[in-house]
Amino acid sequence: MNIVQVSAELAPWSKTGGLGDVCGALPQALAQRGHRVLAIAPRYKDYANAWDTGVRARIHLFGHTHEVGYFHLEQGGVHHLFVDHPSFRRPGIYGDDRGVYGDNLFRFALLTRAALEAPLRVPLNGELLGEDVVFHANDWHTGLLPLFLEAVYRSAGRYTRTPAVLAIHNAGHHGTFDAHEFAGLDVSTRWWPAADMAGRLSCLKAGLVLASKLVTVSPTYARQLCQDQAFGLEGLFAHRARDLWGILNGIGEEWNPATDKHLEHPFSADDLGGKALQKAALQRELGLPVRPEVPLFGVVARLDHQKGIDLLMGAAPWLLHQDVQLVVLGSGGAAYEDFVRRLAREAPHRARGIVGFSEPLAHRIEAGADLFLMPSRFEPCGLNQLYSMRYGTVPIVHATGGLADTVPTWDPSSGEGTGWAFREFTAEAFVQAIGWALHTWWNHRDAWAKLQQNGMRRDSGWSRAAELYERLYIASYGG
Ligand code: ADP
Ligand code: GLC
């Protein structure tokens with residue numbers, strides 16, 4: 001198949017969270033299965049080795065004609081196209097210090113339209129993909145793709161048999177805008193009802209209504225979207241439940257403790273010696289006492305309401321009275337950032353907080369910590385708990401979405417389980433789960449070693465997911 005994936009983020013070139021990781025990795029796994037895959041994202045910067053194809057498209061949006069270019073880079077068996085336009089070349093992906101960019105509807109509508117033009121205009125190895133493609137859009141940023149497909153192309157006799165799949169990585173963001181902005185999309189008003197959410201323009205809703213198939217990133221989140229976790233779109237998800245698939249994300253090879261370029265002391269399930277050295281190195285780097293026996297907790301997260309940082313704030317006074325260490329890396333909401341900045345002052349021998357975004361430090365925390373905390377309020381899939389398990393770092397998670405699907409609670413009688421998943425979303429339940437973990441750490445070292453092994457030996461590669469996406473694309477031709 002010819003698969004055209006379109007997204008706002010594409011790691012390693014652009015990323016604010018898991019969306020970037022997944023959109024960077026899934027195309028490679030699909031290419032390994034023999035498909036021709038084109039991954040399209042904005043050209044936010046000048047990317048090394050991406051060359052200007054010279055192809056230009058002129059796209060009419062918001063009352064003007066805009067010219068976009070396409071930069072090409074082939075890597076990992078995947079064609080990458082970066083859409084070039086001045087509105088993409090800014091410090092942030094979605095916004096900067098002053099807030100979210102005011103023209104994001106325009107920017108992402110432009111990306112989406114440029115992506116729809118690509119198979120018709122940009123030759124790959126001398127050949128156009130043409131209309132025989134499956135489009136795979138991701139989140140609200142490209143939620144308008146199925147709408148443009150219908151309104152601009154199918155109504156003009158193009159792409160008449162081309163399916164569009166929409167992947168939902170996070171239904172917490174609908175991409176809603178003032179209704180009057182719809183006129184800027186330059187499509188007939190007869191398409192307005194698809195995008196109309198209580199009188200506002202919703203990019204996600206348009207995609208949910210018009211995509212051939214829908215997919216989200218875990219089976220439990222797929223169910224939750226139809227129940228109570230879609231922020232007002234539950235009815236629509238339930239209506240389309242037959243077309244909604246739940247496929248768990250995998251993780252890429254850059255998250256392999258044996259080959260991780262950010263680690264000084266690589267390790268594997270067969271030899272955890274390097275992990276102890278990484279822990280000591282992390283303690284030194286953070287200026288914490290170098291104590292192998294003390295359990296070191298890690299957190300790496302966008303500091304967002306979604307991530308349950310309020311639960312962490314609720315549990316912290318208790319946690320920091322125990323003989324433990326804690327390191328938190330993240331950026332986001334101001335109140336959460338204050339909490340992170342205060343940690344070292346309030347518990348100088350036990351805690352460190354780093355406000356910012358650092359890929360290398362994220363790897364060193366995953367490797368050096370003993371436990372990882374992820375009390376997310378909701379979590380479509382979650383990647384950090386998967387990284388943790390691969391690094392022998394035992395996760396404590398709220399049992400929701402993909403966390404519920406990937407972290408079975410430790411059962412001492414059967415020796416099964418990879419961490420602790422607490423059910424009630426309360427600080428008390430969170431503290432209780434941490435309590436079980438500490439009890440196991442201090443009193444049952446054999447059990448701890450088994451927990452680590454269970455996590456490290458779990459299959460979290462991309463090949464299973466790629467096979468399921470392939471089936472989804474095939475099904476999308478019928479839908
Ligand atoms: P989400 O996509 O909701 O943020 P995921 O767990 O799926 O959650 O993915 C988060 C990704 O972003 C992981 O790769 C994680 O390491 C990374 N990440 C989040 N915050 C930071 C940060 N402050 N520094 C470095 N990496 C971060
Ligand atoms: C989103 C979700 C996260 C998921 C990621 C990749 O940002 O919040 O749970 O892992 O997308 O699918």
# chains A, B, ... in the order shown; residues from 1 in each chain; ligands from 1
>>> residues_near_ligand(ligand="ligand 1", cutoff="10 Å", atoms="only C-alpha atoms and all ligand atoms", output="ChimeraX atom specification")
/A:11,15-22,169-170,217,249,251,255,299-304,306-307,328-332,354-363,365-366,374,376,378-388,402-403
>>> residues_around(residues="stretch 198-210 of chain A", least_positions_apart="3", cutoff="8 Å", atoms="only C-alpha atoms", output="list in words")
Asp139, Trp140, His141, Thr142, Gly143, Leu144, Leu145, Pro146, Leu147, Leu166, His173, His174, Gly175, Thr176, Phe177, Asp178, Ala179, Glu181, Phe182, Ala194, Ala195, Leu214, Leu233, Leu236 and Phe237 of chain A
>>> select_by_dssp(residues="stretch 129-164 of chain A", states="strand (DSSP E)", output="list of chain:residue names")
A:Val134, A:Phe135, A:His136, A:Ala137, A:Asn138, A:Ala164
>>> write_last_selection(atoms="N, CA, C and O atoms", output="PDB file, in the first residue's frame")
ATOM      1  N   VAL A 134      -3.626   5.691   0.960  1.00  0.00           N
ATOM      2  CA  VAL A 134      -4.476   5.811   2.155  1.00  0.00           C
ATOM      3  C   VAL A 134      -3.926   6.981   2.941  1.00  0.00           C
ATOM      4  O   VAL A 134      -2.725   7.016   3.235  1.00  0.00           O
ATOM      5  N   PHE A 135      -4.777   7.938   3.274  1.00  0.00           N
ATOM      6  CA  PHE A 135      -4.327   9.037   4.132  1.00  0.00           C
ATOM      7  C   PHE A 135      -4.514   8.650   5.600  1.00  0.00           C
ATOM      8  O   PHE A 135      -5.548   8.073   5.962  1.00  0.00           O
ATOM      9  N   HIS A 136      -3.546   8.993   6.404  1.00  0.00           N
ATOM     10  CA  HIS A 136      -3.609   8.719   7.849  1.00  0.00           C
ATOM     11  C   HIS A 136      -3.341  10.046   8.569  1.00  0.00           C
ATOM     12  O   HIS A 136      -2.200  10.491   8.641  1.00  0.00           O
ATOM     13  N   ALA A 137      -4.427  10.671   9.030  1.00  0.00           N
ATOM     14  CA  ALA A 137      -4.314  11.962   9.721  1.00  0.00           C
ATOM     15  C   ALA A 137      -4.209  11.725  11.222  1.00  0.00           C
ATOM     16  O   ALA A 137      -4.594  10.656  11.717  1.00  0.00           O
ATOM     17  N   ASN A 138      -3.677  12.706  11.959  1.00  0.00           N
ATOM     18  CA  ASN A 138      -3.447  12.540  13.397  1.00  0.00           C
ATOM     19  C   ASN A 138      -3.903  13.754  14.190  1.00  0.00           C
ATOM     20  O   ASN A 138      -3.421  14.863  13.952  1.00  0.00           O
ATOM     21  N   ALA A 164      -9.531   7.923   4.120  1.00  0.00           N
ATOM     22  CA  ALA A 164      -8.801   8.725   5.109  1.00  0.00           C
ATOM     23  C   ALA A 164      -9.080   8.156   6.488  1.00  0.00           C
ATOM     24  O   ALA A 164     -10.235   8.007   6.888  1.00  0.00           O
TER      25      ALA A 164
END
>>> residues_around(residues="A:Ala222", least_positions_apart="2", cutoff="9 Å", atoms="only C-alpha atoms", output="list in words")
Val215, Thr216, Val217, Ser218, Pro219, Thr220, Gln224, Leu225, Cys226, Phe237, Ala241, Leu244, Trp245, Gly246, Ile247, Pro380 and Gly401 of chain A
>>> closest_residue(among="A:Ile434, A:Leu129, A:Ala39, A:Val122", to="A:Leu371", atoms="only C-alpha atoms")
A:Ile434
>>> closest_residue(among="A:Arg33, A:Arg190, A:Asp370, A:Ala25", to="A:Glu467", atoms="only C-alpha atoms")
A:Arg33
>>> closest_residue(among="A:Ala31, A:Thr162, A:Asp84, A:Gly92", to="A:Tyr473", atoms="only C-alpha atoms")
A:Thr162
>>> residues_around(residues="A:Ala118", least_positions_apart="2", cutoff="9 Å", atoms="only C-alpha atoms", output="list in words")
Ile40, Ala57, Tyr70, Leu81, Arg113, Ala114, Ala115, Leu116, Leu120, Arg121, Val122, Pro123, Leu128, Leu129 and Gly130 of chain A
>>> closest_residue(among="A:Leu38, A:Val394, A:Ala109, A:Ile93", to="A:Ala447", atoms="only C-alpha atoms")
A:Val394
>>> residues_around(residues="A:Ala48", least_positions_apart="4", cutoff="12 Å", atoms="only C-alpha atoms", output="ChimeraX atom specification")
/A:12-13,43,52,71-75,82
>>> closest_residue(among="A:Pro257, A:Gly250, A:Pro289, A:Gly415", to="ligand 2", atoms="only C-alpha atoms and all ligand atoms")
A:Gly250
>>> closest_residue(among="A:Ala280, A:Val290, A:Leu61, A:Met389", to="A:Asp186", atoms="only C-alpha atoms")
A:Leu61
>>> residues_around(residues="A:Leu263", least_positions_apart="2", cutoff="8 Å", atoms="only C-alpha atoms", output="JSON, numbers by chain")
{"A": [257, 260, 261, 265, 266, 278, 363, 364, 367]}
>>> write_last_selection(atoms="N, CA, C and O atoms", output="PDB file, in the first residue's frame")
ATOM      1  N   PRO A 257      17.790   0.345  26.367  1.00  0.00           N
ATOM      2  CA  PRO A 257      18.873   0.661  27.300  1.00  0.00           C
ATOM      3  C   PRO A 257      20.225   0.066  26.890  1.00  0.00           C
ATOM      4  O   PRO A 257      21.266   0.496  27.380  1.00  0.00           O
ATOM      5  N   ASP A 260      21.170   2.898  23.947  1.00  0.00           N
ATOM      6  CA  ASP A 260      20.778   4.304  24.132  1.00  0.00           C
ATOM      7  C   ASP A 260      22.009   5.215  24.125  1.00  0.00           C
ATOM      8  O   ASP A 260      22.884   5.101  24.993  1.00  0.00           O
ATOM      9  N   LYS A 261      22.041   6.153  23.176  1.00  0.00           N
ATOM     10  CA  LYS A 261      23.235   6.999  23.042  1.00  0.00           C
ATOM     11  C   LYS A 261      23.348   8.028  24.177  1.00  0.00           C
ATOM     12  O   LYS A 261      24.387   8.665  24.338  1.00  0.00           O
ATOM     13  N   HIS A 265      26.382   4.037  30.645  1.00  0.00           N
ATOM     14  CA  HIS A 265      26.509   2.639  31.068  1.00  0.00           C
ATOM     15  C   HIS A 265      25.323   1.838  30.550  1.00  0.00           C
ATOM     16  O   HIS A 265      24.333   1.668  31.270  1.00  0.00           O
ATOM     17  N   PRO A 266      25.415   1.333  29.331  1.00  0.00           N
ATOM     18  CA  PRO A 266      24.292   0.579  28.768  1.00  0.00           C
ATOM     19  C   PRO A 266      24.012  -0.672  29.600  1.00  0.00           C
ATOM     20  O   PRO A 266      24.905  -1.163  30.296  1.00  0.00           O
ATOM     21  N   GLN A 278      24.136   3.903  36.222  1.00  0.00           N
ATOM     22  CA  GLN A 278      23.341   5.049  35.729  1.00  0.00           C
ATOM     23  C   GLN A 278      22.649   5.753  36.891  1.00  0.00           C
ATOM     24  O   GLN A 278      22.520   6.973  36.904  1.00  0.00           O
ATOM     25  N   HIS A 363      16.024  10.511  29.054  1.00  0.00           N
ATOM     26  CA  HIS A 363      16.595   9.152  28.935  1.00  0.00           C
ATOM     27  C   HIS A 363      17.350   8.773  30.212  1.00  0.00           C
ATOM     28  O   HIS A 363      17.259   7.633  30.682  1.00  0.00           O
ATOM     29  N   ARG A 364      18.107   9.723  30.760  1.00  0.00           N
ATOM     30  CA  ARG A 364      18.901   9.392  31.955  1.00  0.00           C
ATOM     31  C   ARG A 364      18.005   9.151  33.167  1.00  0.00           C
ATOM     32  O   ARG A 364      18.343   8.354  34.047  1.00  0.00           O
ATOM     33  N   ALA A 367      16.519   5.691  32.816  1.00  0.00           N
ATOM     34  CA  ALA A 367      17.534   4.658  33.085  1.00  0.00           C
ATOM     35  C   ALA A 367      17.946   4.615  34.549  1.00  0.00           C
ATOM     36  O   ALA A 367      18.137   3.537  35.117  1.00  0.00           O
TER      37      ALA A 367
END
>>> atom_distance(atom1="atom CA of A:Thr440", atom2="atom CA of A:Ala269")
19.6 Å
>>> residues_around(residues="A:Val294", least_positions_apart="2", cutoff="8 Å", atoms="only C-alpha atoms", output="MDAnalysis selection string")
chainID A and resid 291:292 296 323:325
>>> atom_distance(atom1="atom CA of A:Trp420", atom2="atom CA of A:Thr393")
11.9 Å
>>> select_by_dssp(residues="stretch 57-275 of chain A", states="helix (DSSP H, G or I)", output="JSON, numbers by chain")
{"A": [86, 87, 88, 104, 105, 106, 107, 108, 109, 110, 111, 112, 113, 114, 115, 116, 117, 118, 119, 120, 121, 140, 141, 142, 145, 146, 147, 148, 149, 150, 151, 152, 153, 154, 155, 156, 179, 180, 181, 182, 183, 184, 185, 189, 190, 191, 192, 193, 194, 195, 203, 204, 205, 206, 207, 208, 209, 210, 219, 220, 221, 222, 223, 224, 225, 226, 227, 234, 235, 236, 237, 238, 239, 241, 242, 243, 253, 254, 255, 273, 274, 275]}
>>> write_last_selection(atoms="C-alpha atoms", output="compact mmCIF listing (two decimals), in the first residue's frame")
# COMPACT_ATOMS: atom_id res chain seq x y z
CA PRO A 86 6.80 31.15 6.51
CA SER A 87 4.00 30.57 9.06
CA PHE A 88 5.70 27.34 10.22
CA ASN A 104 -3.16 27.88 14.11
CA LEU A 105 -6.33 27.07 12.18
CA PHE A 106 -4.73 28.56 9.09
CA ARG A 107 -1.35 26.90 9.71
CA PHE A 108 -2.73 23.40 10.17
CA ALA A 109 -5.36 23.74 7.44
CA LEU A 110 -2.48 24.71 5.16
CA LEU A 111 -0.47 21.66 6.25
CA THR A 112 -3.49 19.44 5.60
CA ARG A 113 -4.20 20.89 2.15
CA ALA A 114 -0.50 20.69 1.24
CA ALA A 115 -0.49 17.03 2.29
CA LEU A 116 -3.48 16.28 0.07
CA GLU A 117 -1.63 17.86 -2.86
CA ALA A 118 1.59 15.93 -2.25
CA PRO A 119 0.75 12.55 -3.85
CA LEU A 120 -0.48 14.40 -6.94
CA ARG A 121 2.53 16.71 -7.30
CA TRP A 140 -7.21 17.81 15.53
CA HIS A 141 -4.37 19.49 13.63
CA THR A 142 -5.13 17.33 10.61
CA LEU A 145 -8.21 16.22 6.12
CA PRO A 146 -11.33 14.09 5.53
CA LEU A 147 -13.35 17.28 5.08
CA PHE A 148 -10.99 18.72 2.46
CA LEU A 149 -10.85 15.31 0.82
CA GLU A 150 -14.62 15.38 0.35
CA ALA A 151 -15.17 19.05 -0.28
CA VAL A 152 -12.19 19.96 -2.46
CA TYR A 153 -11.22 16.71 -4.19
CA ARG A 154 -14.03 14.14 -4.33
CA SER A 155 -16.55 16.74 -5.36
CA ALA A 156 -14.22 17.47 -8.30
CA ALA A 179 -17.68 29.69 13.59
CA HIS A 180 -16.91 32.61 11.28
CA GLU A 181 -13.45 31.12 10.62
CA PHE A 182 -15.12 28.35 8.63
CA ALA A 183 -15.39 30.74 5.69
CA GLY A 184 -11.58 30.88 5.56
CA LEU A 185 -11.40 27.17 4.71
CA THR A 189 -21.11 25.82 3.63
CA ARG A 190 -22.89 22.53 3.09
CA TRP A 191 -19.96 20.97 4.98
CA TRP A 192 -20.48 23.15 8.05
CA PRO A 193 -22.71 20.65 9.95
CA ALA A 194 -19.83 18.14 10.05
CA ALA A 195 -17.59 20.65 11.80
CA CYS A 203 -11.49 20.32 13.54
CA LEU A 204 -11.54 17.05 15.50
CA LYS A 205 -15.29 16.66 15.10
CA ALA A 206 -15.11 17.18 11.34
CA GLY A 207 -12.55 14.39 11.17
CA LEU A 208 -14.62 12.08 13.37
CA VAL A 209 -17.69 12.56 11.21
CA LEU A 210 -16.01 12.20 7.82
CA PRO A 219 -8.23 -0.46 23.48
CA THR A 220 -9.28 0.91 26.88
CA TYR A 221 -9.15 4.53 25.66
CA ALA A 222 -11.24 3.50 22.63
CA ARG A 223 -13.95 2.35 25.06
CA GLN A 224 -13.54 5.39 27.31
CA LEU A 225 -13.96 7.75 24.35
CA CYS A 226 -17.47 6.34 23.88
CA GLN A 227 -18.25 6.68 27.59
CA GLU A 234 -18.73 10.79 23.47
CA GLY A 235 -22.01 10.51 21.55
CA LEU A 236 -20.24 10.80 18.24
CA PHE A 237 -17.57 8.28 19.23
CA ALA A 238 -20.30 5.88 20.37
CA HIS A 239 -22.13 6.41 17.09
CA ALA A 241 -17.88 2.73 17.65
CA ARG A 242 -17.93 0.08 14.91
CA ASP A 243 -15.33 2.05 12.97
CA GLU A 253 14.77 1.57 19.16
CA GLU A 254 16.06 4.90 20.52
CA TRP A 255 14.51 3.70 23.77
CA GLY A 273 25.01 -3.73 36.29
CA GLY A 274 24.86 -0.64 34.08
CA LYS A 275 21.58 0.43 35.64
